[in-house]
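Below is the file data.cif, which contains mmCIF, C-alpha atoms and all ligand atoms.
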data_query
#
loop_
_atom_site.group_PDB
_atom_site.id
_atom_site.type_symbol
_atom_site.label_atom_id
_atom_site.label_comp_id
_atom_site.auth_asym_id
_atom_site.auth_seq_id
_atom_site.Cartn_x
_atom_site.Cartn_y
_atom_site.Cartn_z
ATOM 1 C CA MET A 309 145.357 57.957 -115.573
ATOM 2 C CA ASN A 310 141.591 58.191 -115.337
ATOM 3 C CA SER A 311 139.032 55.931 -116.980
ATOM 4 C CA SER A 312 138.606 58.123 -120.076
ATOM 5 C CA ASP A 313 142.254 57.564 -121.056
ATOM 6 C CA PHE A 314 141.714 53.903 -121.930
ATOM 7 C CA PRO A 315 140.149 52.534 -125.115
ATOM 8 C CA VAL A 316 136.793 51.000 -124.261
ATOM 9 C CA ALA A 317 135.705 47.444 -125.087
ATOM 10 C CA LEU A 318 132.359 45.873 -124.266
ATOM 11 C CA VAL A 319 132.096 42.078 -124.163
ATOM 12 C CA THR A 320 128.738 40.264 -124.033
ATOM 13 C CA GLY A 321 128.571 36.841 -122.431
ATOM 14 C CA ALA A 322 131.482 38.132 -120.350
ATOM 15 C CA ASN A 323 131.082 35.402 -117.750
ATOM 16 C CA GLY A 324 131.050 32.526 -120.264
ATOM 17 C CA GLY A 325 133.928 30.193 -121.087
ATOM 18 C CA ILE A 326 135.229 32.184 -124.065
ATOM 19 C CA GLY A 327 133.990 35.561 -122.780
ATOM 20 C CA LYS A 328 136.090 35.424 -119.620
ATOM 21 C CA VAL A 329 139.264 34.913 -121.628
ATOM 22 C CA ILE A 330 138.407 37.753 -124.023
ATOM 23 C CA CYS A 331 137.808 40.117 -121.084
ATOM 24 C CA LYS A 332 141.071 39.217 -119.372
ATOM 25 C CA GLU A 333 143.116 39.523 -122.559
ATOM 26 C CA LEU A 334 141.622 42.901 -123.476
ATOM 27 C CA LEU A 335 142.340 44.117 -119.957
ATOM 28 C CA SER A 336 145.944 42.958 -120.284
ATOM 29 C CA SER A 337 146.181 44.844 -123.587
ATOM 30 C CA GLY A 338 145.182 48.110 -121.902
ATOM 31 C CA TYR A 339 141.458 48.360 -122.582
ATOM 32 C CA ARG A 340 138.833 49.452 -120.137
ATOM 33 C CA VAL A 341 136.411 46.566 -120.328
ATOM 34 C CA ILE A 342 132.667 46.675 -119.777
ATOM 35 C CA LEU A 343 131.449 43.224 -118.848
ATOM 36 C CA SER A 344 127.946 42.548 -120.098
ATOM 37 C CA PHE A 345 126.075 39.629 -118.582
ATOM 38 C CA ARG A 346 122.816 38.393 -117.155
ATOM 39 C CA LYS A 347 122.919 38.807 -113.427
ATOM 40 C CA SER A 348 123.959 35.604 -111.653
ATOM 41 C CA GLU A 349 126.217 34.709 -108.754
ATOM 42 C CA ARG A 350 128.888 33.457 -111.142
ATOM 43 C CA ALA A 351 128.792 36.597 -113.253
ATOM 44 C CA VAL A 352 128.947 38.953 -110.284
ATOM 45 C CA ALA A 353 131.807 36.941 -108.738
ATOM 46 C CA PHE A 354 133.797 37.230 -111.976
ATOM 47 C CA TYR A 355 133.093 40.958 -112.191
ATOM 48 C CA ASN A 356 134.168 41.459 -108.565
ATOM 49 C CA SER A 357 137.380 39.508 -109.086
ATOM 50 C CA LEU A 358 138.359 41.727 -112.029
ATOM 51 C CA LEU A 359 137.279 44.829 -110.148
ATOM 52 C CA GLN A 360 139.614 43.886 -107.346
ATOM 53 C CA GLU A 361 142.480 43.189 -109.728
ATOM 54 C CA TYR A 362 142.124 46.194 -112.054
ATOM 55 C CA GLY A 363 140.097 48.801 -110.162
ATOM 56 C CA ALA A 364 136.943 50.688 -111.087
ATOM 57 C CA GLU A 365 138.644 52.866 -113.711
ATOM 58 C CA ARG A 366 139.321 49.757 -115.837
ATOM 59 C CA ILE A 367 136.154 47.702 -115.278
ATOM 60 C CA GLY A 368 132.498 48.406 -115.905
ATOM 61 C CA CYS A 369 129.450 46.193 -116.052
ATOM 62 C CA LEU A 370 126.239 46.222 -118.006
ATOM 63 C CA GLU A 371 123.429 43.858 -117.156
ATOM 64 C CA MET A 372 121.597 42.731 -120.248
ATOM 65 C CA ASP A 373 119.457 39.780 -121.209
ATOM 66 C CA LEU A 374 119.676 39.355 -124.963
ATOM 67 C CA SER A 375 116.429 37.408 -125.023
ATOM 68 C CA SER A 376 114.476 40.551 -124.174
ATOM 69 C CA VAL A 377 114.042 43.663 -126.288
ATOM 70 C CA THR A 378 113.145 45.581 -123.118
ATOM 71 C CA SER A 379 116.341 44.501 -121.373
ATOM 72 C CA ILE A 380 118.398 45.442 -124.440
ATOM 73 C CA THR A 381 116.880 48.912 -124.766
ATOM 74 C CA GLU A 382 117.275 49.550 -121.029
ATOM 75 C CA ALA A 383 120.917 48.461 -121.203
ATOM 76 C CA VAL A 384 121.495 50.777 -124.174
ATOM 77 C CA CYS A 385 120.075 53.729 -122.184
ATOM 78 C CA VAL A 386 122.375 52.959 -119.252
ATOM 79 C CA LEU A 387 125.382 52.641 -121.521
ATOM 80 C CA MET A 388 124.634 55.858 -123.421
ATOM 81 C CA GLU A 389 124.344 57.758 -120.179
ATOM 82 C CA LYS A 390 127.660 56.518 -118.822
ATOM 83 C CA GLU A 391 129.903 56.238 -121.851
ATOM 84 C CA GLN A 392 131.251 58.665 -124.402
ATOM 85 C CA ARG A 393 132.664 56.104 -126.797
ATOM 86 C CA LEU A 394 132.952 52.453 -127.686
ATOM 87 C CA ASP A 395 136.109 51.299 -129.441
ATOM 88 C CA VAL A 396 135.411 47.571 -129.507
ATOM 89 C CA LEU A 397 132.155 45.652 -129.206
ATOM 90 C CA VAL A 398 132.535 41.894 -128.851
ATOM 91 C CA ASN A 399 129.213 40.151 -129.471
ATOM 92 C CA ASN A 400 130.219 36.914 -127.803
ATOM 93 C CA ALA A 401 127.119 35.801 -125.869
ATOM 94 C CA GLY A 402 125.265 32.869 -127.310
ATOM 95 C CA MET A 403 123.156 29.883 -126.412
ATOM 96 C CA LEU A 404 122.387 26.374 -127.554
ATOM 97 C CA GLY A 405 119.083 25.499 -125.981
ATOM 98 C CA TYR A 406 117.418 22.204 -125.347
ATOM 99 C CA ASN A 407 113.671 22.780 -125.417
ATOM 100 C CA MET A 408 111.673 24.950 -127.734
ATOM 101 C CA GLN A 409 111.509 28.423 -126.212
ATOM 102 C CA VAL A 410 110.230 31.725 -127.491
ATOM 103 C CA SER A 411 111.225 35.221 -126.441
ATOM 104 C CA ALA A 412 108.775 37.702 -124.936
ATOM 105 C CA GLU A 413 108.155 38.967 -128.476
ATOM 106 C CA GLY A 414 107.422 35.463 -129.764
ATOM 107 C CA TYR A 415 110.707 34.940 -131.656
ATOM 108 C CA GLU A 416 112.391 31.561 -131.523
ATOM 109 C CA MET A 417 114.909 31.874 -128.693
ATOM 110 C CA HIS A 418 118.111 31.051 -130.636
ATOM 111 C CA ASN A 419 117.148 33.590 -133.277
ATOM 112 C CA MET A 420 116.628 36.198 -130.565
ATOM 113 C CA VAL A 421 119.646 35.550 -128.314
ATOM 114 C CA ASN A 422 122.194 34.633 -130.984
ATOM 115 C CA CYS A 423 121.132 36.951 -133.778
ATOM 116 C CA LEU A 424 118.436 39.620 -133.359
ATOM 117 C CA GLY A 425 119.385 40.598 -129.784
ATOM 118 C CA PRO A 426 123.078 41.222 -130.452
ATOM 119 C CA MET A 427 122.435 42.915 -133.792
ATOM 120 C CA LEU A 428 119.765 45.171 -132.297
ATOM 121 C CA PHE A 429 122.177 46.100 -129.501
ATOM 122 C CA THR A 430 124.948 46.742 -132.048
ATOM 123 C CA ARG A 431 122.785 49.086 -134.069
ATOM 124 C CA LEU A 432 121.484 50.937 -131.021
ATOM 125 C CA VAL A 433 124.967 51.618 -129.601
ATOM 126 C CA LYS A 434 126.355 52.841 -132.911
ATOM 127 C CA PRO A 435 126.234 56.506 -131.767
ATOM 128 C CA LEU A 436 129.070 55.611 -129.373
ATOM 129 C CA MET A 437 131.214 54.249 -132.196
ATOM 130 C CA HIS A 438 133.576 56.205 -134.383
ATOM 131 C CA ARG A 439 136.003 55.716 -137.279
ATOM 132 C CA GLY A 440 138.234 52.862 -136.146
ATOM 133 C CA SER A 441 135.676 51.217 -133.851
ATOM 134 C CA ARG A 442 135.454 47.467 -134.261
ATOM 135 C CA VAL A 443 132.518 45.094 -133.974
ATOM 136 C CA VAL A 444 133.575 41.479 -133.473
ATOM 137 C CA THR A 445 130.887 38.802 -133.468
ATOM 138 C CA THR A 446 131.221 35.146 -132.574
ATOM 139 C CA VAL A 447 129.677 32.867 -135.144
ATOM 140 C CA SER A 448 130.111 29.122 -135.554
ATOM 141 C CA LEU A 449 130.930 26.454 -138.052
ATOM 142 C CA ALA A 450 127.254 25.511 -137.703
ATOM 143 C CA LEU A 451 126.292 28.475 -139.892
ATOM 144 C CA TYR A 452 127.360 26.543 -142.990
ATOM 145 C CA TYR A 453 124.688 23.940 -142.193
ATOM 146 C CA GLY A 454 121.985 26.457 -141.399
ATOM 147 C CA SER A 455 119.002 27.494 -143.435
ATOM 148 C CA ILE A 456 116.654 30.417 -142.994
ATOM 149 C CA PRO A 457 113.009 29.376 -142.966
ATOM 150 C CA GLU A 458 110.224 31.347 -144.609
ATOM 151 C CA ASN A 459 108.870 32.258 -141.161
ATOM 152 C CA PHE A 460 112.156 33.566 -139.679
ATOM 153 C CA PRO A 461 112.490 34.441 -136.765
ATOM 154 C CA TYR A 462 109.471 32.506 -135.536
ATOM 155 C CA PRO A 463 109.633 28.886 -134.391
ATOM 156 C CA HIS A 464 109.344 25.885 -136.677
ATOM 157 C CA ALA A 465 106.506 23.472 -136.064
ATOM 158 C CA ARG A 466 109.082 20.837 -135.101
ATOM 159 C CA PHE A 467 111.932 21.911 -132.860
ATOM 160 C CA ASN A 468 115.481 20.763 -133.435
ATOM 161 C CA ARG A 469 118.089 22.503 -131.291
ATOM 162 C CA PHE A 470 120.963 22.121 -133.760
ATOM 163 C CA ARG A 471 118.864 23.298 -136.701
ATOM 164 C CA GLN A 472 117.761 26.367 -134.727
ATOM 165 C CA TYR A 473 121.288 27.129 -133.553
ATOM 166 C CA ALA A 474 122.607 26.843 -137.121
ATOM 167 C CA CYS A 475 119.789 29.041 -138.450
ATOM 168 C CA SER A 476 120.520 31.747 -135.863
ATOM 169 C CA LYS A 477 124.248 31.779 -136.614
ATOM 170 C CA LEU A 478 123.631 31.907 -140.361
ATOM 171 C CA ALA A 479 121.181 34.801 -139.929
ATOM 172 C CA LEU A 480 123.748 36.502 -137.668
ATOM 173 C CA THR A 481 126.389 36.130 -140.377
ATOM 174 C CA LEU A 482 124.106 37.620 -143.032
ATOM 175 C CA LEU A 483 123.417 40.631 -140.804
ATOM 176 C CA CYS A 484 127.118 41.124 -140.002
ATOM 177 C CA LEU A 485 127.974 41.090 -143.704
ATOM 178 C CA ARG A 486 125.276 43.691 -144.384
ATOM 179 C CA LEU A 487 126.406 45.888 -141.483
ATOM 180 C CA ALA A 488 130.028 45.659 -142.625
ATOM 181 C CA GLU A 489 128.999 46.937 -146.031
ATOM 182 C CA LEU A 490 126.830 49.729 -144.614
ATOM 183 C CA TRP A 491 129.340 51.004 -142.060
ATOM 184 C CA LYS A 492 132.449 50.681 -144.228
ATOM 185 C CA GLU A 493 132.401 54.320 -145.349
ATOM 186 C CA GLU A 494 132.206 55.447 -141.746
ATOM 187 C CA GLY A 495 135.267 53.386 -140.853
ATOM 188 C CA ILE A 496 133.490 51.090 -138.382
ATOM 189 C CA THR A 497 134.592 47.546 -139.069
ATOM 190 C CA VAL A 498 132.441 44.444 -138.581
ATOM 191 C CA ASN A 499 134.120 41.045 -138.550
ATOM 192 C CA MET A 500 133.251 37.556 -137.354
ATOM 193 C CA ALA A 501 135.180 34.954 -135.416
ATOM 194 C CA ASP A 502 134.676 31.202 -135.581
ATOM 195 C CA PRO A 503 136.187 29.849 -132.355
ATOM 196 C CA GLY A 504 136.179 26.166 -133.358
ATOM 197 C CA ILE A 505 134.803 23.505 -130.990
ATOM 198 C CA VAL A 506 135.647 24.785 -127.529
ATOM 199 C CA ASP A 507 135.486 23.190 -124.090
ATOM 200 C CA THR A 508 132.835 25.436 -122.493
ATOM 201 C CA PRO A 509 129.434 24.884 -120.814
ATOM 202 C CA ILE A 510 127.553 25.502 -124.077
ATOM 203 C CA LEU A 511 128.573 22.039 -125.313
ATOM 204 C CA LYS A 512 125.961 19.902 -123.662
ATOM 205 C CA LEU A 513 123.550 17.281 -124.956
ATOM 206 C CA HIS A 514 121.330 17.632 -121.867
ATOM 207 C CA LYS A 515 121.027 13.854 -121.799
ATOM 208 C CA TRP A 516 122.104 11.044 -119.496
ATOM 209 C CA ILE A 517 125.029 10.475 -121.853
ATOM 210 C CA ASP A 518 126.614 13.867 -121.035
ATOM 211 C CA PRO A 519 129.264 12.570 -118.571
ATOM 212 C CA VAL A 520 130.310 9.877 -121.048
ATOM 213 C CA ALA A 521 130.360 12.309 -123.983
ATOM 214 C CA ASP A 522 132.383 14.745 -121.856
ATOM 215 C CA ALA A 523 134.947 12.091 -120.989
ATOM 216 C CA VAL A 524 135.285 10.943 -124.597
ATOM 217 C CA PHE A 525 135.039 14.164 -126.601
ATOM 218 C CA ARG A 526 136.078 17.096 -124.396
ATOM 219 C CA PRO A 527 139.766 16.144 -124.529
ATOM 220 C CA PHE A 528 139.604 16.791 -128.298
ATOM 221 C CA THR A 529 138.020 20.227 -128.007
ATOM 222 C CA ARG A 530 139.896 23.513 -127.860
ATOM 223 C CA THR A 531 140.675 25.292 -124.639
ATOM 224 C CA PRO A 532 138.717 28.525 -124.029
ATOM 225 C CA GLU A 533 142.050 30.377 -124.496
ATOM 226 C CA LYS A 534 142.457 28.934 -127.978
ATOM 227 C CA GLY A 535 138.747 29.508 -128.712
ATOM 228 C CA ALA A 536 139.058 33.168 -127.754
ATOM 229 C CA ASP A 537 142.199 34.005 -129.678
ATOM 230 C CA THR A 538 140.556 34.951 -132.992
ATOM 231 C CA SER A 539 138.089 37.319 -131.274
ATOM 232 C CA ILE A 540 140.957 38.931 -129.380
ATOM 233 C CA PHE A 541 142.953 39.249 -132.605
ATOM 234 C CA LEU A 542 140.001 40.873 -134.398
ATOM 235 C CA SER A 543 139.402 43.205 -131.465
ATOM 236 C CA SER A 544 142.866 44.597 -131.119
ATOM 237 C CA ASP A 545 145.420 43.603 -133.736
ATOM 238 C CA LEU A 546 146.820 46.629 -135.542
ATOM 239 C CA SER A 547 147.345 44.732 -138.798
ATOM 240 C CA LEU A 548 143.562 44.566 -139.211
ATOM 241 C CA ARG A 549 142.957 48.285 -139.321
ATOM 242 C CA GLY A 550 140.160 48.898 -141.861
ATOM 243 C CA ALA A 551 139.572 45.210 -142.645
ATOM 244 C CA THR A 552 135.863 44.512 -142.598
ATOM 245 C CA GLY A 553 133.287 41.897 -143.541
ATOM 246 C CA GLY A 554 135.575 38.939 -142.877
ATOM 247 C CA LEU A 555 134.947 35.630 -141.181
ATOM 248 C CA TYR A 556 138.105 34.548 -139.399
ATOM 249 C CA LYS A 557 139.217 31.265 -137.920
ATOM 250 C CA ASN A 558 142.606 30.686 -136.329
ATOM 251 C CA LYS A 559 143.226 34.415 -136.906
ATOM 252 C CA LYS A 560 142.929 33.975 -140.681
ATOM 253 C CA ALA A 561 140.204 35.226 -142.991
ATOM 254 C CA GLY A 562 138.319 32.491 -144.798
ATOM 255 C CA THR A 563 136.497 32.713 -148.097
ATOM 256 C CA LEU A 564 132.754 32.679 -147.702
ATOM 257 C CA PRO A 565 130.837 30.692 -150.307
ATOM 258 C CA GLU A 566 128.473 32.500 -152.635
ATOM 259 C CA LYS A 567 125.502 30.752 -151.056
ATOM 260 C CA ILE A 568 126.227 32.944 -148.016
ATOM 261 C CA THR A 569 127.526 36.168 -149.573
ATOM 262 C CA ASP A 570 124.577 36.170 -152.014
ATOM 263 C CA HIS A 571 122.072 34.523 -149.728
ATOM 264 C CA PRO A 572 118.534 35.007 -151.053
ATOM 265 C CA TYR A 573 117.196 35.787 -147.555
ATOM 266 C CA THR A 574 119.658 38.498 -146.540
ATOM 267 C CA ASP A 575 117.129 41.240 -147.315
ATOM 268 C CA LYS A 576 114.392 39.414 -145.487
ATOM 269 C CA VAL A 577 116.481 39.046 -142.305
ATOM 270 C CA TRP A 578 117.812 42.576 -142.622
ATOM 271 C CA CYS A 579 114.304 44.038 -143.017
ATOM 272 C CA PHE A 580 113.150 42.188 -139.945
ATOM 273 C CA LEU A 581 115.991 43.674 -137.907
ATOM 274 C CA ALA A 582 115.367 47.109 -139.421
ATOM 275 C CA ASP A 583 111.704 46.993 -138.346
ATOM 276 C CA LEU A 584 112.671 45.892 -134.859
ATOM 277 C CA TYR A 585 115.234 48.686 -134.682
ATOM 278 C CA SER A 586 112.714 51.284 -135.847
ATOM 279 C CA SER A 587 110.163 50.064 -133.322
ATOM 280 C CA VAL A 588 112.467 50.845 -130.389
ATOM 281 C CA ASN A 589 114.591 53.710 -131.680
HETATM 282 N N1 LIG A 601 132.010 26.392 -127.332
HETATM 283 C C1 LIG A 601 131.956 26.123 -128.625
HETATM 284 O O1 LIG A 601 132.303 25.013 -129.085
HETATM 285 C C2 LIG A 601 131.493 27.163 -129.600
HETATM 286 C C3 LIG A 601 131.592 26.885 -130.980
HETATM 287 C C4 LIG A 601 131.175 27.852 -131.891
HETATM 288 C C5 LIG A 601 130.672 29.059 -131.449
HETATM 289 N N2 LIG A 601 130.561 29.284 -130.099
HETATM 290 C C6 LIG A 601 130.007 30.571 -129.677
HETATM 291 O O2 LIG A 601 130.898 31.182 -128.766
HETATM 292 C C7 LIG A 601 130.171 32.114 -127.964
HETATM 293 C C8 LIG A 601 130.569 31.943 -126.514
HETATM 294 O O3 LIG A 601 130.111 30.685 -126.050
HETATM 295 P P1 LIG A 601 130.914 29.783 -125.013
HETATM 296 O O4 LIG A 601 131.448 28.619 -125.769
HETATM 297 O O5 LIG A 601 131.849 30.614 -124.211
HETATM 298 O O6 LIG A 601 129.696 29.223 -124.126
HETATM 299 P P2 LIG A 601 129.248 29.599 -122.635
HETATM 300 O O7 LIG A 601 130.366 29.373 -121.695
HETATM 301 O O8 LIG A 601 127.979 28.847 -122.442
HETATM 302 O O9 LIG A 601 128.990 31.160 -122.713
HETATM 303 C C9 LIG A 601 127.833 31.691 -123.288
HETATM 304 C C10 LIG A 601 127.635 33.069 -122.730
HETATM 305 O O10 LIG A 601 126.473 33.646 -123.343
HETATM 306 C C11 LIG A 601 125.634 34.129 -122.301
HETATM 307 N N3 LIG A 601 124.214 34.124 -122.638
HETATM 308 C C12 LIG A 601 123.418 33.072 -122.914
HETATM 309 N N4 LIG A 601 122.159 33.475 -123.064
HETATM 310 C C13 LIG A 601 122.158 34.818 -122.849
HETATM 311 C C14 LIG A 601 121.142 35.806 -122.829
HETATM 312 N N5 LIG A 601 119.835 35.514 -123.027
HETATM 313 N N6 LIG A 601 121.503 37.086 -122.580
HETATM 314 C C15 LIG A 601 122.782 37.415 -122.342
HETATM 315 N N7 LIG A 601 123.774 36.528 -122.332
HETATM 316 C C16 LIG A 601 123.464 35.237 -122.570
HETATM 317 C C17 LIG A 601 125.879 33.177 -121.138
HETATM 318 O O11 LIG A 601 125.418 33.789 -119.938
HETATM 319 P P3 LIG A 601 124.749 32.933 -118.748
HETATM 320 O O12 LIG A 601 125.912 32.439 -117.929
HETATM 321 O O13 LIG A 601 123.901 33.929 -118.050
HETATM 322 O O14 LIG A 601 123.963 31.824 -119.379
HETATM 323 C C18 LIG A 601 127.384 33.045 -121.220
HETATM 324 O O15 LIG A 601 128.017 34.140 -120.628
HETATM 325 C C19 LIG A 601 128.692 31.847 -128.248
HETATM 326 O O16 LIG A 601 128.223 32.828 -129.153
HETATM 327 C C20 LIG A 601 128.694 30.496 -128.942
HETATM 328 O O17 LIG A 601 127.597 30.310 -129.788
HETATM 329 C C21 LIG A 601 130.969 28.383 -129.170
#
As structure tokens, please, write out the structure in this file.
Ligand SMILES: NC(=O)c1ccc[n+]([C@@H]2O[C@H](COP(=O)([O-])OP(=O)(O)OC[C@H]3O[C@@H](n4cnc5c(N)ncnc54)[C@H](OP(=O)(O)O)[C@@H]3O)[C@@H](O)[C@H]2O)c1
Amino acid sequence: MNSSDFPVALVTGANGGIGKVICKELLSSGYRVILSFRKSERAVAFYNSLLQEYGAERIGCLEMDLSSVTSITEAVCVLMEKEQRLDVLVNNAGMLGYNMQVSAEGYEMHNMVNCLGPMLFTRLVKPLMHRGSRVVTTVSLALYYGSIPENFPYPHARFNRFRQYACSKLALTLLCLRLAELWKEEGITVNMADPGIVDTPILKLHKWIDPVADAVFRPFTRTPEKGADTSIFLSSDLSLRGATGGLYKNKKAGTLPEKITDHPYTDKVWCFLADLYSSVN
């Protein structure tokens, strides 16, 4: 078999706690998997280990920093040149920062990395997708506590990491719901996975109390395998053919409250993404 015989999946945050499991499971299910990551020793070591195990016809890599529009557009060009199709896109990368940071374009960093970056990438790689392609995006329980400020996606005067994380995941959810609606007729599905509270490096207070908190709370968190299972289900389970616009937890679709499905700021967030998309496309 050569590489074009396998369905193609691309996973962002491929070297993260949940991302690694998603990559391995999709490989076991017969996909060719493109690992997308920011270049680091850990990421390259993971890529090399899979390359050794599965061979170059099953593994690809795409360097991309979701905090940078330039990095995203460059990655899209590389991908478009190399690939003919994309069957599954898993938007898994995400961050929970500590200090206030802004992206090169001046957007609050959570809003860029967790929401605008992945959604811009998703829209730009659409030409590789086809009827039956699936977009699976990792959201979080935090979205239910989020609010979208008037000045989205720019930073608040006072930074709070949890508020910013929740805002970015809520905005991400609103964009996924809009994309699901828009791409339904074309047969490209867009669903979201809530992994639960998972034992991965993202869970950090960045305070002296971290080792104590780890010892007390980590035993009650989910394993990365359990955290990944809904994304894997959404990526590949045949029973889901055609299902779109759902937010799943434990492999089951939940019911989104009206305050999210009819969120007053959906248009505002969508228009922002649309302008960003037009500026680079
Ligand atoms: N763990 C939980 O309890 C939990 C709960 C709800 C939702 N989630 C979501 O699950 C997803 C996976 O997180 P995880 O738990 O597996 O955490 P993780 O181990 O920290 O993985 C996060 C991944 O995102 C990547 N990433 C961060 N910033 C990036 C950037 N600017 N550009 C490209 N990639 C970037 C990281 O790459 P680097 O190694 O280069 O930093 C890493 O691969 C995230 O979307 C997260 O928000 C996690």
Around all the atoms of ligand LIG 601 (chain A) listed in the file, with 8 Å of room on each side, what axis-aligned box do you get, giving centre and edge lengths in Å to one decimal, as JSON?
{"center_x": 126.1, "center_y": 31.2, "center_z": -124.9, "size_x": 28.5, "size_y": 28.4, "size_z": 30.0}
ask   = Counting only C-alpha atoms and all ligand atoms, which protein, DNA or RNA residues come within 9 Å of ligand LIG 601 (chain A), given as a ChimeraX atom specification?
value = /A:320-329,344-348,350-351,371-376,399-404,417-418,420-422,425-426,445-450,473,477,501-511,529-530,532,535-536
Since we have the selection now, will you write its residues out, keeping C-alpha atoms, as a CSV table (one decimal), keeping the file's coordinate frame?
chain,number,residue,atom,x,y,z
A,320,THR,CA,128.7,40.3,-124.0
A,321,GLY,CA,128.6,36.8,-122.4
A,322,ALA,CA,131.5,38.1,-120.4
A,323,ASN,CA,131.1,35.4,-117.8
A,324,GLY,CA,131.0,32.5,-120.3
A,325,GLY,CA,133.9,30.2,-121.1
A,326,ILE,CA,135.2,32.2,-124.1
A,327,GLY,CA,134.0,35.6,-122.8
A,328,LYS,CA,136.1,35.4,-119.6
A,329,VAL,CA,139.3,34.9,-121.6
A,344,SER,CA,127.9,42.5,-120.1
A,345,PHE,CA,126.1,39.6,-118.6
A,346,ARG,CA,122.8,38.4,-117.2
A,347,LYS,CA,122.9,38.8,-113.4
A,348,SER,CA,124.0,35.6,-111.7
A,350,ARG,CA,128.9,33.5,-111.1
A,351,ALA,CA,128.8,36.6,-113.3
A,371,GLU,CA,123.4,43.9,-117.2
A,372,MET,CA,121.6,42.7,-120.2
A,373,ASP,CA,119.5,39.8,-121.2
A,374,LEU,CA,119.7,39.4,-125.0
A,375,SER,CA,116.4,37.4,-125.0
A,376,SER,CA,114.5,40.6,-124.2
A,399,ASN,CA,129.2,40.2,-129.5
A,400,ASN,CA,130.2,36.9,-127.8
A,401,ALA,CA,127.1,35.8,-125.9
A,402,GLY,CA,125.3,32.9,-127.3
A,403,MET,CA,123.2,29.9,-126.4
A,404,LEU,CA,122.4,26.4,-127.6
A,417,MET,CA,114.9,31.9,-128.7
A,418,HIS,CA,118.1,31.1,-130.6
A,420,MET,CA,116.6,36.2,-130.6
A,421,VAL,CA,119.6,35.6,-128.3
A,422,ASN,CA,122.2,34.6,-131.0
A,425,GLY,CA,119.4,40.6,-129.8
A,426,PRO,CA,123.1,41.2,-130.5
A,445,THR,CA,130.9,38.8,-133.5
A,446,THR,CA,131.2,35.1,-132.6
A,447,VAL,CA,129.7,32.9,-135.1
A,448,SER,CA,130.1,29.1,-135.6
A,449,LEU,CA,130.9,26.5,-138.1
A,450,ALA,CA,127.3,25.5,-137.7
A,473,TYR,CA,121.3,27.1,-133.6
A,477,LYS,CA,124.2,31.8,-136.6
A,501,ALA,CA,135.2,35.0,-135.4
A,502,ASP,CA,134.7,31.2,-135.6
A,503,PRO,CA,136.2,29.8,-132.4
A,504,GLY,CA,136.2,26.2,-133.4
A,505,ILE,CA,134.8,23.5,-131.0
A,506,VAL,CA,135.6,24.8,-127.5
A,507,ASP,CA,135.5,23.2,-124.1
A,508,THR,CA,132.8,25.4,-122.5
A,509,PRO,CA,129.4,24.9,-120.8
A,510,ILE,CA,127.6,25.5,-124.1
A,511,LEU,CA,128.6,22.0,-125.3
A,529,THR,CA,138.0,20.2,-128.0
A,530,ARG,CA,139.9,23.5,-127.9
A,532,PRO,CA,138.7,28.5,-124.0
A,535,GLY,CA,138.7,29.5,-128.7
A,536,ALA,CA,139.1,33.2,-127.8
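Here atom CA of A:Val577 and atom CA of A:Tyr415 stand 12.8 Å from one another.
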Evaluate the PyMOL selection byres (((chain A and resi 428-439) around 6) and not hetatm) and record the selected residues as a CSV table (one decimal) with C-alpha atoms, in the frame of the given file, following the chain and residue labels used in the document.
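Wrote result_25.csv, looks like this:
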chain,number,residue,atom,x,y,z
A,393,ARG,CA,132.7,56.1,-126.8
A,394,LEU,CA,133.0,52.5,-127.7
A,424,LEU,CA,118.4,39.6,-133.4
A,425,GLY,CA,119.4,40.6,-129.8
A,426,PRO,CA,123.1,41.2,-130.5
A,427,MET,CA,122.4,42.9,-133.8
A,440,GLY,CA,138.2,52.9,-136.1
A,441,SER,CA,135.7,51.2,-133.9
A,494,GLU,CA,132.2,55.4,-141.7
A,495,GLY,CA,135.3,53.4,-140.9
A,496,ILE,CA,133.5,51.1,-138.4
inquiry  = Using all atoms listed in the file and a cutoff of 12 Å, can you tell me which residues are near (137.7, 44.4, -109.2) in the file's coordinates, and write them out as a list in words?
reply    = Lys332, Leu335, Val341, Ile342, Leu343, Val352, Ala353, Phe354, Tyr355, Asn356, Ser357, Leu358, Leu359, Gln360, Glu361, Tyr362, Gly363, Ala364, Glu365, Arg366, Ile367, Gly368 and Cys369 of chain A
Would you save the residues from that selection as a compact mmCIF listing (two decimals), in the frame of the given file, using C-alpha atoms?
# COMPACT_ATOMS: atom_id res chain seq x y z
CA LYS A 332 141.07 39.22 -119.37
CA LEU A 335 142.34 44.12 -119.96
CA VAL A 341 136.41 46.57 -120.33
CA ILE A 342 132.67 46.68 -119.78
CA LEU A 343 131.45 43.22 -118.85
CA VAL A 352 128.95 38.95 -110.28
CA ALA A 353 131.81 36.94 -108.74
CA PHE A 354 133.80 37.23 -111.98
CA TYR A 355 133.09 40.96 -112.19
CA ASN A 356 134.17 41.46 -108.56
CA SER A 357 137.38 39.51 -109.09
CA LEU A 358 138.36 41.73 -112.03
CA LEU A 359 137.28 44.83 -110.15
CA GLN A 360 139.61 43.89 -107.35
CA GLU A 361 142.48 43.19 -109.73
CA TYR A 362 142.12 46.19 -112.05
CA GLY A 363 140.10 48.80 -110.16
CA ALA A 364 136.94 50.69 -111.09
CA GLU A 365 138.64 52.87 -113.71
CA ARG A 366 139.32 49.76 -115.84
CA ILE A 367 136.15 47.70 -115.28
CA GLY A 368 132.50 48.41 -115.90
CA CYS A 369 129.45 46.19 -116.05
